[in-house]
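*Asks:* One file is attached below, protein_19.txt, containing compact mmCIF, C-alpha atoms.
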```txt
# COMPACT_ATOMS: atom_id res chain seq x y z
CA MET A 73 138.26 135.36 132.64
CA GLU A 74 139.90 132.08 131.83
CA LYS A 75 138.70 130.48 128.65
CA LYS A 76 136.19 127.80 129.39
CA THR A 77 136.79 125.70 126.32
CA LYS A 78 140.37 124.59 125.83
CA ILE A 79 142.01 122.95 122.88
CA HIS A 80 145.17 121.00 123.26
CA ALA A 81 146.87 120.24 119.95
CA GLU A 82 150.51 119.25 119.84
CA ASP A 83 152.50 119.98 116.70
CA ASP A 84 153.58 116.49 115.81
CA ARG A 85 150.38 114.64 116.56
CA HIS A 86 147.32 113.95 114.49
CA ASP A 87 144.83 114.25 117.28
CA LEU A 88 143.58 117.03 119.50
CA VAL A 89 141.77 117.26 122.79
CA ILE A 90 138.94 119.66 123.55
CA THR A 91 138.03 120.14 127.20
CA ARG A 92 135.25 122.10 128.77
CA GLU A 93 133.82 122.41 132.24
CA PHE A 94 130.10 122.99 132.59
CA ASP A 95 127.97 124.38 135.39
CA LEU A 96 125.72 121.39 134.89
CA PRO A 97 125.32 118.03 136.57
CA VAL A 98 126.92 115.34 134.43
CA GLU A 99 123.47 113.84 133.76
CA LEU A 100 122.32 117.04 132.07
CA LEU A 101 125.54 117.38 130.10
CA PHE A 102 125.08 113.85 128.83
CA LYS A 103 121.41 114.46 128.05
CA ALA A 104 122.50 117.28 125.74
CA TYR A 105 124.30 114.63 123.68
CA GLU A 106 121.64 111.98 123.97
CA ASP A 107 118.42 113.79 123.12
CA PRO A 108 118.16 114.46 119.36
CA GLU A 109 116.03 117.56 119.84
CA ILE A 110 118.52 119.11 122.23
CA VAL A 111 121.47 118.16 120.02
CA ALA A 112 119.74 119.93 117.16
CA GLN A 113 119.41 123.08 119.25
CA TRP A 114 122.98 123.55 120.35
CA MET A 115 124.72 122.06 117.32
CA GLY A 116 122.53 124.12 115.04
CA THR A 117 121.77 121.24 112.75
CA LYS A 118 118.93 118.94 111.89
CA VAL A 119 119.32 115.50 113.46
CA LEU A 120 118.10 112.95 110.93
CA ARG A 121 119.15 109.95 112.95
CA LEU A 122 120.76 109.40 116.33
CA GLU A 123 120.92 105.81 117.51
CA ASN A 124 122.50 105.91 120.93
CA LYS A 125 123.87 102.40 121.15
CA LYS A 126 126.75 100.26 120.09
CA TYR A 127 126.53 99.64 116.31
CA GLY A 128 124.14 102.59 116.07
CA GLY A 129 124.56 105.41 113.57
CA TRP A 130 123.91 109.11 113.35
CA GLU A 131 123.23 111.62 110.58
CA PHE A 132 123.12 115.40 110.75
CA GLU A 133 122.07 117.81 108.04
CA THR A 134 122.19 121.62 108.01
CA SER A 135 120.30 123.79 105.55
CA ASP A 136 120.63 127.46 104.77
CA ALA A 137 117.81 129.97 104.94
CA ASN A 138 116.67 128.95 101.47
CA GLY A 139 116.43 125.31 102.41
CA ASN A 140 119.55 124.24 100.53
CA VAL A 141 121.53 121.59 102.33
CA VAL A 142 124.92 123.11 103.13
CA PHE A 143 126.32 120.47 105.40
CA LYS A 144 125.83 116.77 105.90
CA ALA A 145 127.70 114.57 108.29
CA ASN A 146 127.35 111.04 109.57
CA GLY A 147 129.04 108.40 111.62
CA VAL A 148 128.69 105.26 113.63
CA ILE A 149 128.57 104.83 117.35
CA HIS A 150 131.06 102.39 118.77
CA ASP A 151 130.33 102.77 122.41
CA PHE A 152 127.62 104.47 124.41
CA VAL A 153 127.74 104.44 128.21
CA PRO A 154 125.22 106.88 129.74
CA ASN A 155 126.82 109.68 131.79
CA GLN A 156 130.29 108.32 131.05
CA LYS A 157 131.34 108.03 127.45
CA ILE A 158 130.57 108.01 123.75
CA VAL A 159 132.92 106.68 121.09
CA ARG A 160 131.94 107.53 117.54
CA THR A 161 133.15 108.37 114.07
CA PHE A 162 132.49 111.64 112.27
CA GLU A 163 132.51 112.10 108.52
CA MET A 164 131.50 115.09 106.43
CA GLU A 165 129.75 114.24 103.20
CA ASN A 166 130.59 115.67 99.78
CA ILE A 167 134.03 116.74 100.96
CA ASP A 168 137.16 114.76 100.34
CA PHE A 169 138.02 114.40 104.01
CA ALA A 170 138.75 111.19 105.83
CA PRO A 171 136.46 110.30 108.73
CA GLN A 172 137.68 111.10 112.20
CA LEU A 173 137.38 109.14 115.42
CA GLU A 174 135.98 110.83 118.51
CA PHE A 175 136.24 109.80 122.16
CA LEU A 176 133.93 111.74 124.44
CA GLU A 177 134.31 111.38 128.17
CA PHE A 178 131.83 112.81 130.64
CA GLU A 179 133.01 113.38 134.16
CA LYS A 180 131.23 114.47 137.31
CA LEU A 181 133.12 117.23 139.15
CA THR A 182 130.57 118.16 141.80
CA ASP A 183 126.80 117.60 142.01
CA ASP A 184 126.40 120.71 139.92
CA SER A 185 129.38 120.72 137.61
CA SER A 186 130.89 118.40 135.08
CA LYS A 187 133.66 118.12 132.54
CA LEU A 188 133.70 116.98 128.95
CA THR A 189 136.90 115.71 127.36
CA MET A 190 136.71 115.13 123.64
CA GLN A 191 139.62 113.57 121.82
CA ILE A 192 139.46 113.75 118.05
CA ILE A 193 141.80 111.56 116.02
CA TYR A 194 142.44 112.52 112.41
CA ARG A 195 143.91 110.36 109.70
CA SER A 196 147.04 112.50 109.38
CA ILE A 197 148.67 115.64 110.74
CA GLU A 198 147.76 117.36 107.46
CA HIS A 199 144.13 116.42 107.89
CA ARG A 200 144.12 117.88 111.40
CA THR A 201 145.81 121.06 110.21
CA THR A 202 143.36 121.57 107.37
CA GLN A 203 140.45 121.03 109.69
CA LEU A 204 141.80 123.59 112.14
CA LYS A 205 142.99 126.21 109.73
CA LEU A 206 139.93 126.28 107.62
CA PRO A 207 137.07 126.77 109.98
CA PHE A 208 134.52 125.08 107.77
CA ALA A 209 132.17 124.94 110.66
CA GLN A 210 132.29 128.70 110.98
CA GLY A 211 130.74 128.95 107.58
CA LEU A 212 128.16 126.45 108.67
CA ASN A 213 127.51 128.36 111.85
CA MET A 214 126.90 131.36 109.70
CA ALA A 215 124.30 129.48 107.73
CA HIS A 216 122.76 128.60 111.01
CA ASN A 217 122.87 132.19 112.23
CA ARG A 218 120.95 133.20 109.16
CA LEU A 219 118.36 130.57 109.98
CA GLU A 220 118.14 131.98 113.46
CA GLU A 221 117.69 135.46 112.11
CA ILE A 222 114.74 134.27 110.12
CA VAL A 223 113.22 132.35 112.98
CA THR A 224 113.57 135.42 115.19
CA LYS A 225 111.80 137.50 112.60
CA ILE A 226 108.91 135.05 112.49
CA LYS A 227 108.52 135.07 116.27
CA MET B 1024 131.88 144.63 86.34
CA THR B 1025 135.59 145.26 86.57
CA SER B 1026 135.08 148.89 87.48
CA LEU B 1027 132.73 147.86 90.25
CA TYR B 1028 135.45 145.77 91.85
CA LEU B 1029 138.00 148.52 91.44
CA GLN B 1030 135.73 150.92 93.23
CA SER B 1031 135.19 148.70 96.21
CA ASN B 1032 138.92 148.04 96.23
CA ASN B 1033 139.62 151.75 96.51
CA CYS B 1034 137.24 152.02 99.42
CA VAL B 1035 139.00 149.45 101.50
CA MET B 1036 142.55 150.27 100.46
CA GLU B 1037 142.57 153.18 102.87
CA ILE B 1038 142.48 150.97 105.91
CA ARG B 1039 145.43 148.89 106.86
CA ARG B 1040 144.47 145.24 107.00
CA ASP B 1041 146.13 142.29 108.53
CA VAL B 1042 145.31 138.62 108.32
CA PHE B 1043 143.81 138.50 111.77
CA GLN B 1044 141.43 141.27 110.96
CA ALA B 1045 140.62 139.44 107.78
CA ILE B 1046 139.70 136.23 109.52
CA ALA B 1047 137.95 137.94 112.41
CA ASP B 1048 134.84 138.35 110.31
CA PRO B 1049 132.51 135.32 110.02
CA THR B 1050 131.55 136.06 106.42
CA ARG B 1051 135.20 136.23 105.40
CA ARG B 1052 135.92 132.99 107.20
CA ALA B 1053 133.03 131.43 105.31
CA ILE B 1054 134.47 132.71 102.03
CA LEU B 1055 137.83 131.16 102.89
CA SER B 1056 136.10 127.89 103.64
CA LEU B 1057 134.38 127.97 100.27
CA VAL B 1058 137.46 128.71 98.18
CA ALA B 1059 139.46 126.17 100.19
CA ILE B 1060 137.40 123.49 98.50
CA GLN B 1061 137.64 124.88 94.99
CA ALA B 1062 138.52 128.04 93.08
CA MET B 1063 135.44 130.20 92.58
CA THR B 1064 134.31 133.31 90.73
CA PRO B 1065 133.03 136.24 92.83
CA GLY B 1066 129.53 135.53 91.52
CA ALA B 1067 129.66 131.90 92.62
CA ILE B 1068 130.93 132.95 96.04
CA ALA B 1069 128.19 135.55 96.43
CA GLU B 1070 125.48 132.97 95.66
CA ASN B 1071 126.26 131.35 99.01
CA PHE B 1072 125.29 134.42 100.97
CA ASN B 1073 122.23 136.50 101.59
CA SER B 1074 124.28 139.71 101.50
CA SER B 1075 124.48 141.79 98.34
CA ARG B 1076 127.09 140.99 95.73
CA GLN B 1077 128.74 144.29 96.47
CA THR B 1078 129.15 143.45 100.15
CA ILE B 1079 130.62 140.08 99.28
CA SER B 1080 133.02 141.57 96.74
CA LYS B 1081 134.21 143.97 99.41
CA HIS B 1082 134.96 141.03 101.66
CA ILE B 1083 136.77 139.32 98.80
CA GLN B 1084 138.87 142.43 98.26
CA ILE B 1085 139.90 142.52 101.88
CA LEU B 1086 140.94 138.88 101.76
CA ASN B 1087 142.77 139.58 98.52
CA GLU B 1088 144.67 142.51 99.98
CA CYS B 1089 145.79 140.36 102.86
CA GLU B 1090 146.99 137.82 100.31
CA LEU B 1091 144.76 135.15 101.75
CA LEU B 1092 143.40 134.71 98.25
CA HIS B 1093 145.12 134.18 94.92
CA GLN B 1094 143.36 135.22 91.80
CA THR B 1095 143.61 133.83 88.31
CA GLN B 1096 142.02 135.08 85.16
CA ASN B 1097 140.27 132.59 82.92
CA GLY B 1098 138.91 134.41 79.89
CA ARG B 1099 136.63 137.07 81.29
CA GLU B 1100 136.21 135.35 84.64
CA ILE B 1101 138.32 135.88 87.73
CA TYR B 1102 138.73 132.84 89.94
CA TYR B 1103 139.73 133.07 93.57
CA HIS B 1104 141.74 130.40 95.35
CA LEU B 1105 142.93 130.08 98.88
CA ASN B 1106 146.57 131.01 99.41
CA PRO B 1107 147.75 128.24 101.73
CA GLU B 1108 151.13 129.91 102.31
CA LYS B 1109 149.49 132.90 103.87
CA MET B 1110 147.23 130.71 105.93
CA LYS B 1111 150.35 129.18 107.46
CA GLU B 1112 151.25 132.57 108.87
CA ILE B 1113 148.22 132.48 111.05
CA ASP B 1114 149.83 130.96 114.08
CA LYS B 1115 146.68 131.46 116.08
CA PHE B 1116 144.68 129.42 113.66
CA ILE B 1117 143.29 127.30 116.46
CA GLU B 1118 141.35 130.24 117.87
CA PRO B 1119 138.42 130.20 115.41
CA PHE B 1120 138.08 126.46 115.96
CA ARG B 1121 138.14 126.92 119.72
CA LYS B 1122 135.67 129.76 119.47
CA MET B 1123 133.30 127.60 117.45
CA TRP B 1124 133.29 124.91 120.14
CA ASP B 1125 133.08 127.50 122.89
CA ASP B 1126 129.99 129.02 121.27
CA ARG B 1127 128.39 125.60 120.90
CA PHE B 1128 129.15 124.63 124.47
CA ASN B 1129 127.87 127.95 125.80
CA LYS B 1130 124.67 127.27 123.99
CA LEU B 1131 124.53 123.73 125.33
CA GLU B 1132 125.04 125.04 128.85
CA SER B 1133 122.34 127.67 128.62
CA ILE B 1134 119.84 125.23 127.10
CA MET B 1135 120.51 122.60 129.74
CA LYS B 1136 120.24 125.06 132.61
CA ASN B 1137 116.52 125.18 131.82
CA TYR B 1138 116.29 121.52 132.75
CA LYS B 1139 117.82 122.15 136.16
CA LYS B 1140 115.46 121.94 139.08
```
Spit out the file's structure as structure tokens when you get a sec.
*Replies:*
Amino acid sequence: MEKKTKIHAEDDRHDLVITREFDLPVELLFKAYEDPEIVAQWMGTKVLRLENKKYGGWEFETSDANGNVVFKANGVIHDFVPNQKIVRTFEMENIDFAPQLEFLEFEKLTDDSSKLTMQIIYRSIEHRTTQLKLPFAQGLNMAHNRLEEIVTKIK
Amino acid sequence: MTSLYLQSNNCVMEIRRDVFQAIADPTRRAILSLVAIQAMTPGAIAENFNSSRQTISKHIQILNECELLHQTQNGREIYYHLNPEKMKEIDKFIEPFRKMWDDRFNKLESIMKNYKK
């Protein structure tokens, strides 16, 4: 099967483009980015703040099973057009990494399918490389998986 | 403590490892992420996980054998660093990143399908 999520990263550029087609109407795809509770579910993080408007800001925080905060990120929202686009910054806290700029475009393909194109612009090629080579987020996902394990046990 | 590490080293030495195998495991990727930020002792690394120290030191040994880690001795403590040269050899380094987004998006899709009428 063809990979659903594609990453296009050219060697000499300091951006990359992530594309993904969803079996979802564009309205539902956008809702997954708009509703803080839903964002929390699929991103596996706590959403402290999500102000979906120009000049708005957002803050995410992820804790491990013991309640220690392992990841904190924040940014500002530059543009927010429902079912079309979001422009925002992304910055990890407590790590010496420059913020990145993200352009998210939501596109209707059919009534029941849609496409997301996410361009991420890094400060430098080195910054992009580090981000890609060291899958920080994988570690964070793992923290999240542990949380899930615990939640499943409680159920 | 030293003997403990030697033992786990012997266990894993039997199997031929390559870098891709090394980074295929989520715990090992998490270890790499940790030591990418700063050099750490095995104890400090293990504190970040729920697994036993022994399990984590086994993972560290595998990463060490694949030369993804450098080690330096400081008094009685061993510190592990990331070996960036070896990381450069991973020409498929985008894959874990892609996989991470793919997992997230799969989750997004399955959650949102519940909202479909």
*Asks:* With all atoms listed in the file considered, list every residue of chain B at most 8 Å from chain A, as number ranges by chain.
*Replies:* B: 1049-1050, 1052-1056, 1059-1060, 1110, 1116-1117, 1119-1121, 1123-1125, 1127-1128, 1130-1132, 1134-1136, 1138-1139
*Asks:* Using all atoms listed in the file, which of B:Ser1074, B:Asn1137, B:Asn1129, B:Thr1064 sits nearest Gln1096 in chain B?
*Replies:*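 Closest residue, counting all atoms listed in the file: B:Thr1064.
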*Asks:* Between CA of Pro1107 in chain B and CA of Arg1076 in chain B, what is the spacing in Å?
*Replies:*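 CA of Pro1107 in chain B lies at a distance of 25.0 Å from CA of Arg1076 in chain B.
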*Asks:* If we count only C-alpha atoms and set the cut-off at 6 Å, which residues sit around Gln172 in chain A, ignoring sequence neighbours fewer than 2 positions away in its own chain? Please answer as a list in words.
*Replies:*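 Once the nearby chain positions are removed, what remains is Thr161, Phe162, Ile193 and Tyr194 of chain A.
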*Asks:* Just want the 7 Å neighbourhood of Asn146 in chain A, counted on all atoms listed in the file, with same-chain residues fewer than 3 positions away dropped. Output as a PyMOL selection string.
*Replies:* chain A and resi 130-132+162-164
*Asks:* Where's the centre, and what are the edge lengths in Å to one decimal, of a box along x, y and z enclosing all listed atoms of range 99-110 of chain A padded 5 Å per side, as lines of an AutoDock Vina configuration file?
*Replies:*
```
center_x = 120.8
center_y = 115.5
center_z = 126.6
size_x = 19.5
size_y = 17.1
size_z = 24.4
```
*Asks:* What's the 9 Å shell around Pro108 in chain A, counting all atoms listed in the file, without same-chain residues fewer than 5 positions away, as a PDB file with C-alpha atoms, keeping the file's coordinate frame?
*Replies:*
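Output contents, as saved in around_29.pdb:
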```
ATOM      1  CA  GLN A 113     119.410 123.080 119.250  1.00  0.00           C
ATOM      2  CA  LYS A 118     118.930 118.940 111.890  1.00  0.00           C
ATOM      3  CA  VAL A 119     119.320 115.500 113.460  1.00  0.00           C
ATOM      4  CA  LEU A 120     118.100 112.950 110.930  1.00  0.00           C
ATOM      5  CA  ARG A 121     119.150 109.950 112.950  1.00  0.00           C
ATOM      6  CA  LEU A 122     120.760 109.400 116.330  1.00  0.00           C
TER       7      LEU A 122
END
```
*Asks:* Quick one: of B:Tyr1103, B:Ile1046, B:Arg1051, B:Cys1089, who's nearest to Gly1066 in chain B, counting all atoms listed in the file?
*Replies:*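 With all atoms listed in the file as the atom set, the closest residue is B:Tyr1103.
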*Asks:* Kindly give the distance, in Å, that separates CA of Asn124 in chain A and CA of Thr189 in chain A, rounded to a single decimal.
*Replies:*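 For CA of Asn124 in chain A relative to CA of Thr189 in chain A, the distance reads 18.6 Å.
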*Asks:* Using only C-alpha atoms, determine which residues lie at most 7 Å from Lys180 in chain A, disregarding the query and same-chain residues fewer than 3 positions distant; provide the list as a PyMOL selection string.
*Replies:* chain A and resi 97-98+185-187
*Asks:* For the atom pair CA of Glu177 in chain A and CA of Lys125 in chain A, what is the interatomic distance in Å to one decimal place?
*Replies:*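 Straight-line distance from CA of Glu177 in chain A to CA of Lys125 in chain A works out to 15.5 Å.
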*Asks:* Scan for residues within 10 Å of the point (144.6, 136.9, 98.9) in the coordinates of the file, using all atoms listed in the file, and reply as a VMD selection string.
*Replies:* chain B and resid 1042 1055 1083 to 1094 1103 to 1107 1109 to 1110
*Asks:* Excluding Met1063 in chain B and its own-chain neighbours fewer than 5 positions away, which residues fall within 9 Å of it when counting all atoms listed in the file? Please give them as a PDB file with C-alpha atoms, in the coordinates of the input.
*Replies:*
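File written: out.pdb
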```pdb
ATOM      1  CA  LEU B1057     134.380 127.970 100.270  1.00  0.00           C
ATOM      2  CA  VAL B1058     137.460 128.710  98.180  1.00  0.00           C
ATOM      3  CA  ILE B1068     130.930 132.950  96.040  1.00  0.00           C
ATOM      4  CA  ILE B1101     138.320 135.880  87.730  1.00  0.00           C
ATOM      5  CA  TYR B1102     138.730 132.840  89.940  1.00  0.00           C
ATOM      6  CA  TYR B1103     139.730 133.070  93.570  1.00  0.00           C
ATOM      7  CA  HIS B1104     141.740 130.400  95.350  1.00  0.00           C
TER       8      HIS B1104
END
```
